[in-house]
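Q: So that we are looking at the same thing, I have put the structure below in structure tokens.
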Amino acid sequence: MQTVVPQVDVSTVEVSRVAAASARTQVLVEVVESVCDAIMVSPGILRGEGEIRIRLKPDVLDGTEIHLEAKGRTISVSFQPVTSEAQQILEQNIGQFEQHLAGRIHNYQIAVSIRKGTKDNERV
């Protein structure tokens with residue numbers, strides 16, 4: 001009795017993988033667009049050093065700005081809340097957020113901070 005091994009066209013498999021990756025990318029883009037007003041990425045980020053600035057939409061933490069910076073083996077995340085309410089929410093959850101990042105991003109030191117001195121309804 002001979003075992004029949006199905007033939008798989010490698011190009012079909014690759015197309016399927018690309019399509020799946022494209023679908024995941026589209027979902028990611030939709031999620032980002034639903035919570036962000038603006039994202040600015042410095043060219044150095046692709047080399048492992050640089051920064052990303054994100055401004056959330058007004059209905060997401062009142063439009064808080066997030067600054068991520070990679071330098072050496074350290075990733076710094078700084079929140080700049082626009083309102084005292086957003087600042088309070090961030091302060092109550094900063095430890096949990098830092099632990100979550102540290103658990104997901106290995107081989108880097110994670111530093112999370114909140115910039116103080118926000119004024120309600122006014123960008124700092």
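By order in the structure tokens, chains are A, B, ...; within a chain, residues start at 1; ligands start at 1, following the order shown.
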Show which residues sit within 10 Å of His67 (chain A), as a VMD selection string. Count only C-alpha atoms, and ignore same-chain residues fewer than 2 positions away.

A: chain A and resid 39 to 40 51 to 55 65 69 76 to 80 112 to 113

Q: What is the distance between CA of Leu101 (chain A) and CA of Pro81 (chain A), in Å to one decimal?

A: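 Those two atoms sit 19.3 Å apart.
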
Q: Could you check which of A:Gly50, A:Leu61, A:Pro43, A:Ala23 is closest to Ala86 (chain A), using only C-alpha atoms?

A: A:Leu61

Q: Could you pull the residues within 12 Å of Gln99 (chain A), counting only C-alpha atoms, minus those fewer than 4 positions along the same chain, as a PyMOL selection string?

A: chain A and resi 93-95+103-106+109-112

Q: Save out the residues we just selected, N, CA and C atoms, as a PDB file, in the first residue's frame.

A:
```pdb
ATOM      1  N   ASN A  93      -3.156  53.726  37.232  1.00  0.00           N
ATOM      2  CA  ASN A  93      -2.855  52.508  36.480  1.00  0.00           C
ATOM      3  C   ASN A  93      -1.420  52.398  35.992  1.00  0.00           C
ATOM      4  N   ILE A  94      -0.548  53.321  36.352  1.00  0.00           N
ATOM      5  CA  ILE A  94       0.812  53.340  35.810  1.00  0.00           C
ATOM      6  C   ILE A  94       1.596  52.076  36.170  1.00  0.00           C
ATOM      7  N   GLY A  95       1.468  51.593  37.387  1.00  0.00           N
ATOM      8  CA  GLY A  95       2.195  50.391  37.796  1.00  0.00           C
ATOM      9  C   GLY A  95       1.783  49.170  36.992  1.00  0.00           C
ATOM     10  N   GLY A 103       6.437  42.655  30.906  1.00  0.00           N
ATOM     11  CA  GLY A 103       6.141  41.253  30.662  1.00  0.00           C
ATOM     12  C   GLY A 103       6.077  40.901  29.183  1.00  0.00           C
ATOM     13  N   ARG A 104       5.856  41.886  28.338  1.00  0.00           N
ATOM     14  CA  ARG A 104       5.728  41.634  26.902  1.00  0.00           C
ATOM     15  C   ARG A 104       6.966  42.032  26.113  1.00  0.00           C
ATOM     16  N   ILE A 105       7.748  42.948  26.629  1.00  0.00           N
ATOM     17  CA  ILE A 105       8.947  43.416  25.933  1.00  0.00           C
ATOM     18  C   ILE A 105      10.157  42.957  26.741  1.00  0.00           C
ATOM     19  N   HIS A 106      10.802  41.931  26.258  1.00  0.00           N
ATOM     20  CA  HIS A 106      11.931  41.335  26.982  1.00  0.00           C
ATOM     21  C   HIS A 106      13.257  41.944  26.509  1.00  0.00           C
ATOM     22  N   GLN A 109      14.912  47.526  29.336  1.00  0.00           N
ATOM     23  CA  GLN A 109      14.451  48.148  30.572  1.00  0.00           C
ATOM     24  C   GLN A 109      13.302  49.069  30.189  1.00  0.00           C
ATOM     25  N   ILE A 110      12.213  49.011  30.936  1.00  0.00           N
ATOM     26  CA  ILE A 110      11.034  49.810  30.640  1.00  0.00           C
ATOM     27  C   ILE A 110      10.903  50.906  31.698  1.00  0.00           C
ATOM     28  N   ALA A 111      10.734  52.139  31.234  1.00  0.00           N
ATOM     29  CA  ALA A 111      10.519  53.271  32.136  1.00  0.00           C
ATOM     30  C   ALA A 111       9.242  53.984  31.714  1.00  0.00           C
ATOM     31  N   VAL A 112       8.278  54.079  32.625  1.00  0.00           N
ATOM     32  CA  VAL A 112       7.001  54.728  32.327  1.00  0.00           C
ATOM     33  C   VAL A 112       6.848  55.928  33.246  1.00  0.00           C
TER      34      VAL A 112
END
```

Q: I need the residues in region 28-107 of chain A that are strand (DSSP E or B) according to DSSP; give them as number ranges by chain.

A: A: 36-41, 50-56, 65-71, 74-80

Q: Just how far from CA of Glu49 (chain A) is CA of Ala70 (chain A), in Å to one decimal?

A: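 We find that CA of Ala70 (chain A) and CA of Glu49 (chain A) lie 4.9 Å from each other.
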
Q: For each of A:Lys57, A:Arg47, A:Arg115, A:Arg24, take the minimum atom-to-atom distance to Gln87 (chain A), counting only C-alpha atoms, then give the residue where this is smallest.

A: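 With only C-alpha atoms as the atom set, the closest residue is A:Arg115.
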
Q: What does the structure give for the distance between CA of Gly44 (chain A) and CA of Val82 (chain A), in Å to one decimal?

A: 27.5 Å
